[in-house]
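Structure file entry.pdb; described as PDB, C-alpha atoms.
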ATOM      1  CA  MET D   1     -28.363 -29.730 -51.069  1.00  0.00           C
ATOM      2  CA  GLU D   2     -25.751 -28.815 -48.506  1.00  0.00           C
ATOM      3  CA  SER D   3     -26.718 -28.379 -44.847  1.00  0.00           C
ATOM      4  CA  PRO D   4     -26.340 -24.872 -43.450  1.00  0.00           C
ATOM      5  CA  LYS D   5     -23.226 -24.238 -41.400  1.00  0.00           C
ATOM      6  CA  LEU D   6     -24.045 -24.113 -37.670  1.00  0.00           C
ATOM      7  CA  ILE D   7     -22.317 -22.000 -35.063  1.00  0.00           C
ATOM      8  CA  LYS D   8     -22.442 -22.163 -31.295  1.00  0.00           C
ATOM      9  CA  VAL D   9     -24.368 -19.126 -30.038  1.00  0.00           C
ATOM     10  CA  TRP D  10     -25.944 -19.980 -26.678  1.00  0.00           C
ATOM     11  CA  ASP D  11     -23.519 -21.348 -24.086  1.00  0.00           C
ATOM     12  CA  LEU D  12     -24.508 -24.173 -21.746  1.00  0.00           C
ATOM     13  CA  ALA D  13     -24.788 -21.904 -18.693  1.00  0.00           C
ATOM     14  CA  LEU D  14     -27.206 -19.571 -20.501  1.00  0.00           C
ATOM     15  CA  ARG D  15     -29.321 -22.471 -21.765  1.00  0.00           C
ATOM     16  CA  ILE D  16     -29.512 -24.084 -18.325  1.00  0.00           C
ATOM     17  CA  PHE D  17     -30.418 -20.683 -16.859  1.00  0.00           C
ATOM     18  CA  HIS D  18     -33.169 -20.199 -19.452  1.00  0.00           C
ATOM     19  CA  TRP D  19     -34.881 -23.555 -18.962  1.00  0.00           C
ATOM     20  CA  LEU D  20     -34.541 -23.514 -15.167  1.00  0.00           C
ATOM     21  CA  LEU D  21     -36.090 -20.027 -15.182  1.00  0.00           C
ATOM     22  CA  VAL D  22     -39.008 -21.329 -17.244  1.00  0.00           C
ATOM     23  CA  ALA D  23     -39.507 -24.199 -14.791  1.00  0.00           C
ATOM     24  CA  GLY D  24     -39.025 -22.048 -11.678  1.00  0.00           C
ATOM     25  CA  PHE D  25     -41.429 -19.344 -12.810  1.00  0.00           C
ATOM     26  CA  PHE D  26     -44.181 -21.778 -13.770  1.00  0.00           C
ATOM     27  CA  VAL D  27     -43.825 -23.852 -10.600  1.00  0.00           C
ATOM     28  CA  ALA D  28     -44.064 -20.643  -8.552  1.00  0.00           C
ATOM     29  CA  TYR D  29     -46.959 -19.349 -10.646  1.00  0.00           C
ATOM     30  CA  LEU D  30     -48.963 -22.566 -10.321  1.00  0.00           C
ATOM     31  CA  THR D  31     -48.399 -23.052  -6.590  1.00  0.00           C
ATOM     32  CA  GLU D  32     -49.430 -20.722  -3.803  1.00  0.00           C
ATOM     33  CA  ASP D  33     -51.063 -21.185  -0.420  1.00  0.00           C
ATOM     34  CA  GLU D  34     -51.723 -24.920  -0.863  1.00  0.00           C
ATOM     35  CA  LEU D  35     -48.056 -25.564  -1.649  1.00  0.00           C
ATOM     36  CA  LEU D  36     -46.451 -22.527  -0.038  1.00  0.00           C
ATOM     37  CA  ASN D  37     -43.061 -24.197   0.562  1.00  0.00           C
ATOM     38  CA  VAL D  38     -42.830 -25.213  -3.105  1.00  0.00           C
ATOM     39  CA  HIS D  39     -43.921 -21.713  -4.160  1.00  0.00           C
ATOM     40  CA  VAL D  40     -41.308 -20.074  -1.929  1.00  0.00           C
ATOM     41  CA  TRP D  41     -38.458 -22.348  -3.038  1.00  0.00           C
ATOM     42  CA  ALA D  42     -39.377 -21.842  -6.688  1.00  0.00           C
ATOM     43  CA  GLY D  43     -39.256 -18.092  -5.988  1.00  0.00           C
ATOM     44  CA  TYR D  44     -35.804 -18.441  -4.417  1.00  0.00           C
ATOM     45  CA  LEU D  45     -34.684 -20.392  -7.494  1.00  0.00           C
ATOM     46  CA  VAL D  46     -35.935 -17.562  -9.739  1.00  0.00           C
ATOM     47  CA  LEU D  47     -34.118 -14.996  -7.586  1.00  0.00           C
ATOM     48  CA  GLY D  48     -30.864 -16.962  -7.724  1.00  0.00           C
ATOM     49  CA  LEU D  49     -31.191 -17.366 -11.480  1.00  0.00           C
ATOM     50  CA  LEU D  50     -31.794 -13.627 -11.928  1.00  0.00           C
ATOM     51  CA  VAL D  51     -28.676 -12.807  -9.928  1.00  0.00           C
ATOM     52  CA  PHE D  52     -26.741 -15.310 -12.042  1.00  0.00           C
ATOM     53  CA  ARG D  53     -28.093 -13.738 -15.268  1.00  0.00           C
ATOM     54  CA  LEU D  54     -27.079 -10.251 -14.192  1.00  0.00           C
ATOM     55  CA  ILE D  55     -23.545 -11.473 -13.518  1.00  0.00           C
ATOM     56  CA  TRP D  56     -23.466 -13.590 -16.699  1.00  0.00           C
ATOM     57  CA  GLY D  57     -24.587 -10.535 -18.647  1.00  0.00           C
ATOM     58  CA  PHE D  58     -21.195  -8.986 -17.886  1.00  0.00           C
ATOM     59  CA  VAL D  59     -18.821 -11.980 -17.774  1.00  0.00           C
ATOM     60  CA  GLY D  60     -20.546 -14.623 -19.908  1.00  0.00           C
ATOM     61  CA  SER D  61     -19.917 -15.665 -23.468  1.00  0.00           C
ATOM     62  CA  LYS D  62     -20.159 -13.222 -26.388  1.00  0.00           C
ATOM     63  CA  TYR D  63     -23.894 -13.539 -27.094  1.00  0.00           C
ATOM     64  CA  ALA D  64     -24.842 -13.704 -23.401  1.00  0.00           C
ATOM     65  CA  ARG D  65     -23.218 -10.349 -22.584  1.00  0.00           C
ATOM     66  CA  PHE D  66     -25.513  -7.347 -22.358  1.00  0.00           C
ATOM     67  CA  SER D  67     -22.999  -5.343 -24.376  1.00  0.00           C
ATOM     68  CA  SER D  68     -23.697  -7.580 -27.393  1.00  0.00           C
ATOM     69  CA  PHE D  69     -27.429  -6.913 -27.563  1.00  0.00           C
ATOM     70  CA  LEU D  70     -28.816  -4.141 -25.358  1.00  0.00           C
ATOM     71  CA  CYS D  71     -30.124  -1.236 -27.405  1.00  0.00           C
ATOM     72  CA  SER D  72     -32.492   1.705 -27.211  1.00  0.00           C
ATOM     73  CA  PRO D  73     -36.262   1.203 -27.004  1.00  0.00           C
ATOM     74  CA  VAL D  74     -36.508   3.057 -30.336  1.00  0.00           C
ATOM     75  CA  LYS D  75     -34.337   0.402 -32.006  1.00  0.00           C
ATOM     76  CA  SER D  76     -36.478  -2.341 -30.431  1.00  0.00           C
ATOM     77  CA  PHE D  77     -39.714  -0.774 -31.694  1.00  0.00           C
ATOM     78  CA  THR D  78     -38.224  -0.202 -35.157  1.00  0.00           C
ATOM     79  CA  TYR D  79     -37.239  -3.863 -35.273  1.00  0.00           C
ATOM     80  CA  ILE D  80     -40.778  -4.935 -34.271  1.00  0.00           C
ATOM     81  CA  LYS D  81     -42.225  -2.732 -37.039  1.00  0.00           C
ATOM     82  CA  ASP D  82     -39.806  -4.263 -39.555  1.00  0.00           C
ATOM     83  CA  ALA D  83     -40.663  -7.785 -38.338  1.00  0.00           C
ATOM     84  CA  ILE D  84     -44.381  -7.143 -38.756  1.00  0.00           C
ATOM     85  CA  GLY D  85     -43.611  -5.923 -42.280  1.00  0.00           C
ATOM     86  CA  LEU D  86     -41.613  -9.148 -42.825  1.00  0.00           C
ATOM     87  CA  LYS D  87     -38.421  -7.216 -43.526  1.00  0.00           C
ATOM     88  CA  ALA D  88     -36.575  -7.574 -40.213  1.00  0.00           C
ATOM     89  CA  LYS D  89     -32.868  -8.287 -40.313  1.00  0.00           C
ATOM     90  CA  ARG D  90     -31.800 -11.668 -38.895  1.00  0.00           C
ATOM     91  CA  TYR D  91     -29.474 -11.572 -35.893  1.00  0.00           C
ATOM     92  CA  ILE D  92     -27.157 -14.352 -34.771  1.00  0.00           C
ATOM     93  CA  GLY D  93     -27.677 -13.411 -31.103  1.00  0.00           C
ATOM     94  CA  HIS D  94     -30.615 -11.555 -29.589  1.00  0.00           C
ATOM     95  CA  ASN D  95     -32.438  -9.209 -31.915  1.00  0.00           C
ATOM     96  CA  PRO D  96     -33.495  -5.727 -30.665  1.00  0.00           C
ATOM     97  CA  ALA D  97     -37.023  -6.927 -29.786  1.00  0.00           C
ATOM     98  CA  GLY D  98     -35.522  -9.816 -27.823  1.00  0.00           C
ATOM     99  CA  ALA D  99     -33.205  -7.384 -26.048  1.00  0.00           C
ATOM    100  CA  GLY D 100     -36.163  -5.302 -24.935  1.00  0.00           C
ATOM    101  CA  MET D 101     -38.017  -8.410 -23.816  1.00  0.00           C
ATOM    102  CA  ILE D 102     -35.050  -9.581 -21.755  1.00  0.00           C
ATOM    103  CA  VAL D 103     -35.002  -6.259 -19.897  1.00  0.00           C
ATOM    104  CA  LEU D 104     -38.780  -6.361 -19.336  1.00  0.00           C
ATOM    105  CA  LEU D 105     -38.686  -9.969 -18.139  1.00  0.00           C
ATOM    106  CA  ILE D 106     -35.803  -9.327 -15.744  1.00  0.00           C
ATOM    107  CA  VAL D 107     -37.597  -6.282 -14.304  1.00  0.00           C
ATOM    108  CA  GLY D 108     -40.925  -8.134 -14.098  1.00  0.00           C
ATOM    109  CA  LEU D 109     -39.363 -11.154 -12.439  1.00  0.00           C
ATOM    110  CA  PHE D 110     -37.451  -9.019  -9.929  1.00  0.00           C
ATOM    111  CA  MET D 111     -40.652  -7.137  -9.064  1.00  0.00           C
ATOM    112  CA  THR D 112     -42.455 -10.450  -8.596  1.00  0.00           C
ATOM    113  CA  VAL D 113     -39.714 -11.947  -6.431  1.00  0.00           C
ATOM    114  CA  ILE D 114     -39.194  -8.849  -4.270  1.00  0.00           C
ATOM    115  CA  SER D 115     -42.910  -8.366  -3.667  1.00  0.00           C
ATOM    116  CA  GLY D 116     -43.140 -12.090  -2.885  1.00  0.00           C
ATOM    117  CA  LEU D 117     -40.358 -11.839  -0.311  1.00  0.00           C
ATOM    118  CA  ILE D 118     -42.165  -8.894   1.298  1.00  0.00           C
ATOM    119  CA  VAL D 119     -45.475 -10.801   1.417  1.00  0.00           C
ATOM    120  CA  TYR D 120     -43.737 -13.856   2.871  1.00  0.00           C
ATOM    121  CA  ALA D 121     -42.166 -11.744   5.601  1.00  0.00           C
ATOM    122  CA  ALA D 122     -45.376  -9.840   6.371  1.00  0.00           C
ATOM    123  CA  ASP D 123     -47.705 -12.855   6.298  1.00  0.00           C
ATOM    124  CA  GLN D 124     -45.548 -15.704   7.587  1.00  0.00           C
ATOM    125  CA  GLN D 125     -42.771 -13.820   9.394  1.00  0.00           C
ATOM    126  CA  LEU D 126     -40.346 -15.919   7.375  1.00  0.00           C
ATOM    127  CA  GLY D 127     -37.679 -15.402   4.729  1.00  0.00           C
ATOM    128  CA  PRO D 128     -34.754 -12.991   4.500  1.00  0.00           C
ATOM    129  CA  LEU D 129     -36.989  -9.975   5.218  1.00  0.00           C
ATOM    130  CA  ALA D 130     -38.666 -11.488   8.300  1.00  0.00           C
ATOM    131  CA  GLY D 131     -38.854  -8.983  11.124  1.00  0.00           C
ATOM    132  CA  MET D 132     -38.192  -6.052   8.799  1.00  0.00           C
ATOM    133  CA  ILE D 133     -41.637  -5.801   7.174  1.00  0.00           C
ATOM    134  CA  ASP D 134     -44.715  -4.288   8.791  1.00  0.00           C
ATOM    135  CA  ALA D 135     -47.718  -6.585   8.357  1.00  0.00           C
ATOM    136  CA  SER D 136     -50.067  -3.601   8.001  1.00  0.00           C
ATOM    137  CA  ASN D 137     -49.225  -3.286   4.277  1.00  0.00           C
ATOM    138  CA  GLU D 138     -49.521  -6.985   3.542  1.00  0.00           C
ATOM    139  CA  GLU D 139     -52.639  -6.618   1.373  1.00  0.00           C
ATOM    140  CA  PHE D 140     -50.939  -4.004  -0.814  1.00  0.00           C
ATOM    141  CA  TRP D 141     -47.891  -6.233  -1.320  1.00  0.00           C
ATOM    142  CA  GLU D 142     -50.029  -9.299  -2.037  1.00  0.00           C
ATOM    143  CA  GLU D 143     -51.781  -7.307  -4.774  1.00  0.00           C
ATOM    144  CA  ALA D 144     -48.428  -6.035  -6.097  1.00  0.00           C
ATOM    145  CA  HIS D 145     -47.088  -9.599  -6.132  1.00  0.00           C
ATOM    146  CA  GLU D 146     -50.111 -10.909  -8.022  1.00  0.00           C
ATOM    147  CA  ILE D 147     -50.055  -8.059 -10.556  1.00  0.00           C
ATOM    148  CA  SER D 148     -46.295  -8.491 -11.113  1.00  0.00           C
ATOM    149  CA  ALA D 149     -46.669 -12.240 -11.622  1.00  0.00           C
ATOM    150  CA  ASN D 150     -49.545 -11.783 -14.071  1.00  0.00           C
ATOM    151  CA  LEU D 151     -47.739  -9.066 -16.019  1.00  0.00           C
ATOM    152  CA  THR D 152     -44.679 -11.323 -16.188  1.00  0.00           C
ATOM    153  CA  LEU D 153     -46.860 -14.156 -17.470  1.00  0.00           C
ATOM    154  CA  LEU D 154     -48.162 -11.795 -20.176  1.00  0.00           C
ATOM    155  CA  LEU D 155     -44.556 -10.942 -21.099  1.00  0.00           C
ATOM    156  CA  VAL D 156     -43.763 -14.664 -21.301  1.00  0.00           C
ATOM    157  CA  ALA D 157     -46.702 -15.168 -23.681  1.00  0.00           C
ATOM    158  CA  ILE D 158     -45.510 -12.271 -25.865  1.00  0.00           C
ATOM    159  CA  HIS D 159     -41.962 -13.674 -25.760  1.00  0.00           C
ATOM    160  CA  VAL D 160     -43.123 -17.125 -26.880  1.00  0.00           C
ATOM    161  CA  ALA D 161     -45.227 -15.590 -29.671  1.00  0.00           C
ATOM    162  CA  GLY D 162     -42.236 -13.504 -30.768  1.00  0.00           C
ATOM    163  CA  VAL D 163     -39.957 -16.538 -30.818  1.00  0.00           C
ATOM    164  CA  ALA D 164     -42.501 -18.463 -32.901  1.00  0.00           C
ATOM    165  CA  PHE D 165     -42.931 -15.528 -35.302  1.00  0.00           C
ATOM    166  CA  GLU D 166     -39.161 -15.050 -35.667  1.00  0.00           C
ATOM    167  CA  SER D 167     -38.710 -18.780 -36.231  1.00  0.00           C
ATOM    168  CA  VAL D 168     -41.156 -18.594 -39.138  1.00  0.00           C
ATOM    169  CA  ILE D 169     -39.920 -15.388 -40.794  1.00  0.00           C
ATOM    170  CA  HIS D 170     -36.271 -16.432 -40.595  1.00  0.00           C
ATOM    171  CA  SER D 171     -36.883 -20.164 -41.235  1.00  0.00           C
ATOM    172  CA  GLU D 172     -35.043 -21.121 -38.071  1.00  0.00           C
ATOM    173  CA  ASN D 173     -36.146 -23.147 -35.050  1.00  0.00           C
ATOM    174  CA  LEU D 174     -35.202 -20.774 -32.231  1.00  0.00           C
ATOM    175  CA  VAL D 175     -36.508 -23.085 -29.507  1.00  0.00           C
ATOM    176  CA  LYS D 176     -34.201 -25.818 -30.787  1.00  0.00           C
ATOM    177  CA  SER D 177     -31.285 -23.368 -30.809  1.00  0.00           C
ATOM    178  CA  MET D 178     -31.992 -22.456 -27.167  1.00  0.00           C
ATOM    179  CA  TRP D 179     -31.953 -26.179 -26.437  1.00  0.00           C
ATOM    180  CA  ASN D 180     -28.791 -27.209 -28.296  1.00  0.00           C
ATOM    181  CA  GLY D 181     -27.010 -23.841 -28.496  1.00  0.00           C
ATOM    182  CA  TYR D 182     -26.554 -23.745 -32.291  1.00  0.00           C
ATOM    183  CA  LYS D 183     -27.902 -21.414 -34.962  1.00  0.00           C
ATOM    184  CA  LYS D 184     -27.342 -21.173 -38.706  1.00  0.00           C
ATOM    185  CA  SER D 185     -24.289 -19.127 -39.578  1.00  0.00           C
ATOM    186  CA  ASP D 186     -24.606 -16.024 -41.749  1.00  0.00           C
ATOM    187  CA  LYS D 187     -21.635 -17.330 -43.731  1.00  0.00           C
ATOM    188  CA  ASP D 188     -21.750 -20.388 -45.958  1.00  0.00           C
TER     189      ASP D 188
END

So, in terms of structure tokens, how does the structure I just supplied come out?
Amino acid sequence: MESPKLIKVWDLALRIFHWLLVAGFFVAYLTEDELLNVHVWAGYLVLGLLVFRLIWGFVGSKYARFSSFLCSPVKSFTYIKDAIGLKAKRYIGHNPAGAGMIVLLIVGLFMTVISGLIVYAADQQLGPLAGMIDASNEEFWEEAHEISANLTLLLVAIHVAGVAFESVIHSENLVKSMWNGYKKSDKD
């Protein structure tokens, strides 16, 4: 039996971004007051990666560009319904559910990082917002930071479950493709 033809889908920059974001988020999530410097630097890494991803979404390779995958929420929900019914179309790049998840993760991560910068400025008088934030709202921002981080963690769990589900229904190891950049071609 002939091996399926592989095509390069995920460029090196996107793959490095993805795995560094995974590492940065989890290091930040698992460290706080006891390892505040590590937590803060992991947060800065996440912020830098988000800025990179926004830029790469406009100038990156074909499948990294937002124009190749962003769609309406209706299309995302329709895709999820079709996937649950085991009749979802396979996409070479991001599918509509993945597109929606990317938007939600970017928003969730930005909310987490921004609220974290505000807490850092209010509590420690450090960071790029130091001197600009009133400490009287620190408790509110700490709560916002914690809620944002936990909601983002929930999104990550849903993302991982979706990747596993898609890997099964389309008989394709999507984690491996995000590691090596290749996916099966639609053409033989």

**Residue among D:Ala13, D:Met101, D:Ala83, D:Leu45 lying closest to Ala157 in chain D, counting only C-alpha atoms** = D:Met101

**Request:** Specify as a ChimeraX atom specification each residue included when the PyMOL selection byres ((chain D and resi 122) around 10) is applied to this file.
**Result:** /D:116-121,123-127,129-139,141-142

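Taking CA of Ser68 in chain D as the reference point, CA of Thr152 in chain D is found at 24.1 Å.
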
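Of the residues listed (D:His94, D:Leu70, D:Gly85, D:Leu49), D:His94 shows the shortest atom-to-atom separation from Met178 in chain D; distances use only C-alpha atoms.
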
Report, as lines of an AutoDock Vina configuration file, the axis-aligned box around all atoms of range 96-100 of chain D present in the file, extended by 5 Å on each side; give centre and edge lengths in Å to one decimal place.
center_x = -35.1
center_y = -7.6
center_z = -27.8
size_x = 13.8
size_y = 14.5
size_z = 15.7

**Request:** Starting from the shown file, work through the PyMOL selection byres ((chain D and resi 51-67) around 12) and note down what comes out as a PyMOL selection string.
**Result:** chain D and resi 7-18+20-21+44-50+68-71+91-96+98-100+102-103+105-107+109-110+113+178+181-183
